[in-house]
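This report refers to the structure that appears directly beneath it.
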Amino acid sequence: MTDFQNPQQDPGTQRNMLLAFAIAFLIILASQPLMKKYGPKPPEPAPVTFTQPAAQQAPAPLPSAERSSSGTSATGSVGVPAVTKQAETETEIVVENDLYKIRFTNRGGLVKSWILKKFKDDNGQPLELVNAAAVAKFGLPLSLFAYNSPLQQRLNQALYVTSGSGSLQAPADVTFEFADLDLVVSKSFHFDNSYLVGVKTSARYKGSDLQAYPAWPSSFGDGTAVTAYGYGQIEYQNGEKIERLAPKKVSGGSTTNGPLHWAGPTDRYFAAVFLPADPDNAVLVSLHNALDIPKDTDHPNPNDTVKVDVLGAAVGDRRGPTVEQLYVGPKSLEVLEKLPVSAVNGATPDLTGLVNFGFFGIIAKPLFIWLKWTYYHVVGNWGWAIVLQTLIINLLLMPLRITQMKSALKMQKIAPQQKAIQAKYEKYSMRDPRKAEMNQEVAALFKREGVNPVAGCLPLLIQMPFLYAYYSMLGAVIDLRQARWAWIHDLSAFDPLYLLPGAVFITMFFVQRMTPQGAMDPQQQKIMNIFMPIMMAYITSKLAAGLALYWSVGNVIAIVQQMVTNRTSLGREIRELAAKRARKKK
């Protein structure tokens, strides 16, 4: 199956991007010798309770010729229900609060629609999280997973008797009950004013508890393009450790035993995770299917399709009845930090871990908190907040830029002596032990002249983690989803006009051209002036527009800084040495 990976979230792709940035840095680091040779924690609330209608009292066994109140025949025997409980027709119940609108059907006690009111889809309509194409093949949310396929079909196709009908406003409780001659099922849901839903299910088959786990089986409906499916993952918290499984690591039907503090499917911006009341006895069943969808969803062609991964998960109690909470909502720090979740067995379910800031999370998360503060308290636009933050970061890095120039000047001054030492040992091969003597002489020269060859690369060393942290942040935080700036409609997606990647190329070209390169030969510098801008423009064209905005604005600031620095005595001295060296080569 073709894998469509998330270019900003998938761990494997993050490693690839980190490798790309690292290679770019190493090219800069190695270019000189190579060119010479070759040219807030929330309070703990009380546990969730399920306020349900009083259980219906089963009537006395009826003669076989009579019918139960639900209109089905009743039969009494040892270990099986005495009265069947089934609805005669399919009905729907709608439950809503300020955050969501959920539409249930009593056929299977399933969710046909789960709309998040505070979010819009790409067409500006309220966001539907139920994936219509996937559920048609793999099942609706809050279906029950069972290891026995025929029983699972019965559980999810039966007509349940419900506790109500019509529209309900949260806080509310909804119960679905079903019973026939050998199967008894109950599903209860409690709704409040948060994104959390209380879930309580039980199933008995021929008098014994049946392992039947509540499930979200069919991905999400917030993205229907081919690449959107690549963001899907199965995530869970085991103790203090959070696991994130990309599609290639998810085996359909595999079972993961507890302790599980939360578990479920996620995509780039949304999650449907279960929080078991008993983590130690909880199990996670991973669901992985393939779906054929048009390559071009805007102009679908039934003869031009591609297979995508559809991930889901079922989470329940392996001992039988399941009691848990279900979070269906955005992967937003602001929302997740305020959820009323309680510590269980000494560990608090850390749903904030759903927001994956990646390898450089220690930088990316504070950057986002700072960026968010700037957005809400200073400029009121995410794009301008990025511009302002970039300005401040580059001003803070100004001393390092001066350090880089000083290092370049010193390296240029001792370049003739360094070349003389290298020439003395040029006749020896790289394996000759006398080459070590050359390295010792060069090191002694650096020490005597007070030169640190690494100092010139220090600013880039510091900027690269910031660049990658921005890349991780823009791909993780829902706050920048559909955030507009100028012609950009979504700062978390690539620039459709490629104007910002073009700005990256132009600004980086001038930065390279204006920055004195120490001992680098002018011809070598011309090559680097083209190679590095092309490389960075290509990388940023595939990533979030916010990243290209950050990088191009940083380059503009660097150009201004360089123009000022070049007019100082230090800048003039470096340029004079470079010009003198160029004249000698003619």
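We label chains A, B, ... in the order they appear in the structure tokens, count residues from 1 in each chain, and number ligands from 1 in the order shown.
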
Find the spatial neighbours of A:Thr266, counting only C-alpha atoms, within a cut-off of 7 Å - ignore same-chain residues fewer than 5 positions away - and output them as an mmCIF file with C-alpha atoms, in the first residue's frame.
```cif
data_model
loop_
_atom_site.group_PDB
_atom_site.id
_atom_site.type_symbol
_atom_site.label_atom_id
_atom_site.label_comp_id
_atom_site.auth_asym_id
_atom_site.auth_seq_id
_atom_site.Cartn_x
_atom_site.Cartn_y
_atom_site.Cartn_z
ATOM 1 C CA GLY A 232 -3.248 9.492 11.054
ATOM 2 C CA GLN A 233 -1.678 7.822 14.070
ATOM 3 C CA ILE A 234 -2.579 5.604 17.008
ATOM 4 C CA GLU A 235 -1.394 7.215 20.231
ATOM 5 C CA ALA A 271 -8.211 13.211 18.374
ATOM 6 C CA ALA A 272 -10.686 10.612 19.630
#
```

For this session: Go through A:Lys419, A:Lys372, A:Lys447, A:Lys112 and flag the residue nearest A:Leu480, using only C-alpha atoms for the distances.
Result: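 Closest residue, counting only C-alpha atoms: A:Lys372.
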
Using only C-alpha atoms, determine which residues lie at most 9 Å from stretch 351-367 of chain A, disregarding the query and same-chain residues fewer than 4 positions distant; provide the list as a PDB file with N, CA, C and O atoms, in the first residue's frame.
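Here's the written file result.pdb:
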```pdb
ATOM      1  N   GLN A   9       4.287  15.895  10.891  1.00  0.00           N
ATOM      2  CA  GLN A   9       3.999  15.261  12.144  1.00  0.00           C
ATOM      3  C   GLN A   9       4.598  13.875  12.290  1.00  0.00           C
ATOM      4  O   GLN A   9       4.928  13.453  13.374  1.00  0.00           O
ATOM      5  N   PRO A  11       6.791  10.849  12.835  1.00  0.00           N
ATOM      6  CA  PRO A  11       8.132  10.823  13.409  1.00  0.00           C
ATOM      7  C   PRO A  11       9.221  10.521  12.392  1.00  0.00           C
ATOM      8  O   PRO A  11      10.298  11.098  12.426  1.00  0.00           O
ATOM      9  N   GLN A  14       9.850  13.584  10.384  1.00  0.00           N
ATOM     10  CA  GLN A  14      10.554  14.581  11.197  1.00  0.00           C
ATOM     11  C   GLN A  14      12.045  14.269  11.227  1.00  0.00           C
ATOM     12  O   GLN A  14      12.880  15.168  11.112  1.00  0.00           O
ATOM     13  N   ARG A  15      12.370  12.989  11.357  1.00  0.00           N
ATOM     14  CA  ARG A  15      13.792  12.631  11.350  1.00  0.00           C
ATOM     15  C   ARG A  15      14.419  12.955  10.004  1.00  0.00           C
ATOM     16  O   ARG A  15      15.556  13.416   9.924  1.00  0.00           O
ATOM     17  N   LEU A  18      14.941  16.684   9.831  1.00  0.00           N
ATOM     18  CA  LEU A  18      16.069  17.038  10.687  1.00  0.00           C
ATOM     19  C   LEU A  18      17.373  16.681  10.001  1.00  0.00           C
ATOM     20  O   LEU A  18      18.342  17.441  10.040  1.00  0.00           O
ATOM     21  N   GLU A 235      -2.215   6.715  19.133  1.00  0.00           N
ATOM     22  CA  GLU A 235      -1.394   7.215  20.231  1.00  0.00           C
ATOM     23  C   GLU A 235      -1.961   6.732  21.562  1.00  0.00           C
ATOM     24  O   GLU A 235      -3.181   6.560  21.704  1.00  0.00           O
ATOM     25  N   TYR A 236      -1.060   6.513  22.519  1.00  0.00           N
ATOM     26  CA  TYR A 236      -1.517   6.130  23.856  1.00  0.00           C
ATOM     27  C   TYR A 236      -0.468   6.482  24.897  1.00  0.00           C
ATOM     28  O   TYR A 236       0.730   6.587  24.594  1.00  0.00           O
ATOM     29  N   GLN A 237      -0.945   6.696  26.117  1.00  0.00           N
ATOM     30  CA  GLN A 237      -0.061   6.971  27.245  1.00  0.00           C
ATOM     31  C   GLN A 237      -0.024   5.745  28.152  1.00  0.00           C
ATOM     32  O   GLN A 237      -1.049   5.305  28.662  1.00  0.00           O
ATOM     33  N   ILE A 242       4.505   8.236  26.317  1.00  0.00           N
ATOM     34  CA  ILE A 242       3.526   8.404  25.250  1.00  0.00           C
ATOM     35  C   ILE A 242       4.075   7.754  23.983  1.00  0.00           C
ATOM     36  O   ILE A 242       5.184   8.050  23.546  1.00  0.00           O
ATOM     37  N   TRP A 262      -4.623   6.794  28.445  1.00  0.00           N
ATOM     38  CA  TRP A 262      -5.481   7.205  27.339  1.00  0.00           C
ATOM     39  C   TRP A 262      -4.955   6.569  26.069  1.00  0.00           C
ATOM     40  O   TRP A 262      -3.765   6.263  25.955  1.00  0.00           O
ATOM     41  N   THR A 266      -5.655   9.523  16.207  1.00  0.00           N
ATOM     42  CA  THR A 266      -5.496  10.970  16.074  1.00  0.00           C
ATOM     43  C   THR A 266      -5.138  11.288  14.627  1.00  0.00           C
ATOM     44  O   THR A 266      -4.719  10.415  13.860  1.00  0.00           O
ATOM     45  N   TYR A 269      -4.760  17.474  13.672  1.00  0.00           N
ATOM     46  CA  TYR A 269      -5.316  18.479  14.559  1.00  0.00           C
ATOM     47  C   TYR A 269      -6.387  17.967  15.524  1.00  0.00           C
ATOM     48  O   TYR A 269      -6.776  18.693  16.435  1.00  0.00           O
ATOM     49  N   PHE A 270      -6.893  16.733  15.335  1.00  0.00           N
ATOM     50  CA  PHE A 270      -8.001  16.260  16.148  1.00  0.00           C
ATOM     51  C   PHE A 270      -7.715  14.861  16.680  1.00  0.00           C
ATOM     52  O   PHE A 270      -6.863  14.143  16.155  1.00  0.00           O
ATOM     53  N   ALA A 271      -8.448  14.495  17.729  1.00  0.00           N
ATOM     54  CA  ALA A 271      -8.211  13.211  18.374  1.00  0.00           C
ATOM     55  C   ALA A 271      -9.519  12.645  18.897  1.00  0.00           C
ATOM     56  O   ALA A 271     -10.456  13.385  19.219  1.00  0.00           O
ATOM     57  N   LYS A 331      -6.694  19.077  19.165  1.00  0.00           N
ATOM     58  CA  LYS A 331      -5.416  18.915  19.867  1.00  0.00           C
ATOM     59  C   LYS A 331      -4.889  20.319  20.186  1.00  0.00           C
ATOM     60  O   LYS A 331      -3.939  20.792  19.595  1.00  0.00           O
ATOM     61  N   SER A 332      -5.562  20.937  21.150  1.00  0.00           N
ATOM     62  CA  SER A 332      -5.268  22.317  21.534  1.00  0.00           C
ATOM     63  C   SER A 332      -4.786  22.348  22.971  1.00  0.00           C
ATOM     64  O   SER A 332      -5.464  21.827  23.869  1.00  0.00           O
ATOM     65  N   LEU A 333      -3.618  22.945  23.205  1.00  0.00           N
ATOM     66  CA  LEU A 333      -3.102  23.026  24.566  1.00  0.00           C
ATOM     67  C   LEU A 333      -4.086  23.738  25.489  1.00  0.00           C
ATOM     68  O   LEU A 333      -4.295  23.324  26.627  1.00  0.00           O
ATOM     69  N   GLU A 334      -4.679  24.798  24.994  1.00  0.00           N
ATOM     70  CA  GLU A 334      -5.606  25.578  25.808  1.00  0.00           C
ATOM     71  C   GLU A 334      -6.786  24.729  26.270  1.00  0.00           C
ATOM     72  O   GLU A 334      -7.225  24.830  27.414  1.00  0.00           O
ATOM     73  N   VAL A 335      -7.295  23.871  25.393  1.00  0.00           N
ATOM     74  CA  VAL A 335      -8.425  23.005  25.736  1.00  0.00           C
ATOM     75  C   VAL A 335      -7.978  21.840  26.606  1.00  0.00           C
ATOM     76  O   VAL A 335      -8.601  21.523  27.631  1.00  0.00           O
ATOM     77  N   LEU A 336      -6.895  21.189  26.215  1.00  0.00           N
ATOM     78  CA  LEU A 336      -6.447  19.973  26.898  1.00  0.00           C
ATOM     79  C   LEU A 336      -6.006  20.239  28.332  1.00  0.00           C
ATOM     80  O   LEU A 336      -6.174  19.392  29.211  1.00  0.00           O
ATOM     81  N   GLU A 337      -5.422  21.408  28.572  1.00  0.00           N
ATOM     82  CA  GLU A 337      -4.957  21.727  29.925  1.00  0.00           C
ATOM     83  C   GLU A 337      -6.111  21.909  30.903  1.00  0.00           C
ATOM     84  O   GLU A 337      -5.916  21.777  32.110  1.00  0.00           O
ATOM     85  N   LEU A 339      -9.076  20.162  30.815  1.00  0.00           N
ATOM     86  CA  LEU A 339      -9.986  19.024  30.900  1.00  0.00           C
ATOM     87  C   LEU A 339     -10.026  18.455  32.315  1.00  0.00           C
ATOM     88  O   LEU A 339      -8.989  18.335  32.974  1.00  0.00           O
ATOM     89  N   VAL A 341      -9.652  15.750  34.101  1.00  0.00           N
ATOM     90  CA  VAL A 341      -9.179  14.373  34.207  1.00  0.00           C
ATOM     91  C   VAL A 341      -8.503  14.192  35.557  1.00  0.00           C
ATOM     92  O   VAL A 341      -7.910  15.116  36.104  1.00  0.00           O
ATOM     93  N   LEU A 371       4.612  32.967  21.017  1.00  0.00           N
ATOM     94  CA  LEU A 371       3.906  33.402  19.812  1.00  0.00           C
ATOM     95  C   LEU A 371       2.428  33.641  20.106  1.00  0.00           C
ATOM     96  O   LEU A 371       1.833  34.622  19.628  1.00  0.00           O
ATOM     97  N   LYS A 372       1.830  32.764  20.891  1.00  0.00           N
ATOM     98  CA  LYS A 372       0.413  32.904  21.229  1.00  0.00           C
ATOM     99  C   LYS A 372       0.179  34.172  22.047  1.00  0.00           C
ATOM    100  O   LYS A 372      -0.810  34.889  21.836  1.00  0.00           O
ATOM    101  N   GLN A 389       8.075  38.059  16.223  1.00  0.00           N
ATOM    102  CA  GLN A 389       8.909  37.112  16.967  1.00  0.00           C
ATOM    103  C   GLN A 389      10.240  36.882  16.254  1.00  0.00           C
ATOM    104  O   GLN A 389      11.300  36.786  16.894  1.00  0.00           O
ATOM    105  N   PRO A 465      18.276  24.762  15.209  1.00  0.00           N
ATOM    106  CA  PRO A 465      17.231  24.260  16.109  1.00  0.00           C
ATOM    107  C   PRO A 465      15.989  25.147  16.122  1.00  0.00           C
ATOM    108  O   PRO A 465      14.866  24.630  16.211  1.00  0.00           O
ATOM    109  N   PHE A 466      16.181  26.472  16.037  1.00  0.00           N
ATOM    110  CA  PHE A 466      15.019  27.364  15.990  1.00  0.00           C
ATOM    111  C   PHE A 466      14.208  27.114  14.721  1.00  0.00           C
ATOM    112  O   PHE A 466      12.974  27.107  14.744  1.00  0.00           O
ATOM    113  N   TYR A 468      14.038  24.299  12.945  1.00  0.00           N
ATOM    114  CA  TYR A 468      13.349  23.016  13.044  1.00  0.00           C
ATOM    115  C   TYR A 468      12.231  23.078  14.079  1.00  0.00           C
ATOM    116  O   TYR A 468      11.170  22.476  13.896  1.00  0.00           O
ATOM    117  N   ALA A 469      12.448  23.815  15.174  1.00  0.00           N
ATOM    118  CA  ALA A 469      11.403  23.971  16.184  1.00  0.00           C
ATOM    119  C   ALA A 469      10.192  24.678  15.597  1.00  0.00           C
ATOM    120  O   ALA A 469       9.044  24.321  15.886  1.00  0.00           O
ATOM    121  N   TYR A 470      10.434  25.678  14.743  1.00  0.00           N
ATOM    122  CA  TYR A 470       9.327  26.363  14.080  1.00  0.00           C
ATOM    123  C   TYR A 470       8.589  25.406  13.158  1.00  0.00           C
ATOM    124  O   TYR A 470       7.353  25.413  13.085  1.00  0.00           O
ATOM    125  N   TYR A 471       9.334  24.593  12.454  1.00  0.00           N
ATOM    126  CA  TYR A 471       8.736  23.584  11.577  1.00  0.00           C
ATOM    127  C   TYR A 471       7.841  22.636  12.383  1.00  0.00           C
ATOM    128  O   TYR A 471       6.696  22.344  11.990  1.00  0.00           O
ATOM    129  N   SER A 472       8.314  22.160  13.521  1.00  0.00           N
ATOM    130  CA  SER A 472       7.534  21.258  14.361  1.00  0.00           C
ATOM    131  C   SER A 472       6.312  21.956  14.925  1.00  0.00           C
ATOM    132  O   SER A 472       5.214  21.401  14.956  1.00  0.00           O
ATOM    133  N   MET A 473       6.502  23.188  15.397  1.00  0.00           N
ATOM    134  CA  MET A 473       5.412  23.927  16.025  1.00  0.00           C
ATOM    135  C   MET A 473       4.281  24.184  15.037  1.00  0.00           C
ATOM    136  O   MET A 473       3.104  23.955  15.338  1.00  0.00           O
ATOM    137  N   LEU A 474       4.629  24.653  13.827  1.00  0.00           N
ATOM    138  CA  LEU A 474       3.609  24.995  12.843  1.00  0.00           C
ATOM    139  C   LEU A 474       2.839  23.767  12.386  1.00  0.00           C
ATOM    140  O   LEU A 474       1.690  23.873  11.948  1.00  0.00           O
ATOM    141  N   GLY A 475       3.449  22.604  12.465  1.00  0.00           N
ATOM    142  CA  GLY A 475       2.772  21.377  12.073  1.00  0.00           C
ATOM    143  C   GLY A 475       1.968  20.751  13.185  1.00  0.00           C
ATOM    144  O   GLY A 475       1.233  19.789  12.952  1.00  0.00           O
ATOM    145  N   ALA A 476       2.084  21.279  14.413  1.00  0.00           N
ATOM    146  CA  ALA A 476       1.446  20.632  15.561  1.00  0.00           C
ATOM    147  C   ALA A 476       0.290  21.414  16.150  1.00  0.00           C
ATOM    148  O   ALA A 476      -0.677  20.825  16.619  1.00  0.00           O
ATOM    149  N   VAL A 477       0.366  22.733  16.156  1.00  0.00           N
ATOM    150  CA  VAL A 477      -0.625  23.527  16.890  1.00  0.00           C
ATOM    151  C   VAL A 477      -1.822  23.849  16.009  1.00  0.00           C
ATOM    152  O   VAL A 477      -1.691  24.323  14.878  1.00  0.00           O
ATOM    153  N   ILE A 478      -3.009  23.571  16.531  1.00  0.00           N
ATOM    154  CA  ILE A 478      -4.232  23.802  15.782  1.00  0.00           C
ATOM    155  C   ILE A 478      -4.535  25.288  15.661  1.00  0.00           C
ATOM    156  O   ILE A 478      -5.302  25.704  14.784  1.00  0.00           O
TER     157      ILE A 478
END
```

Atom CA of A:Asp222 sits from atom CA of A:Asp479 at a separation of 15.1 Å
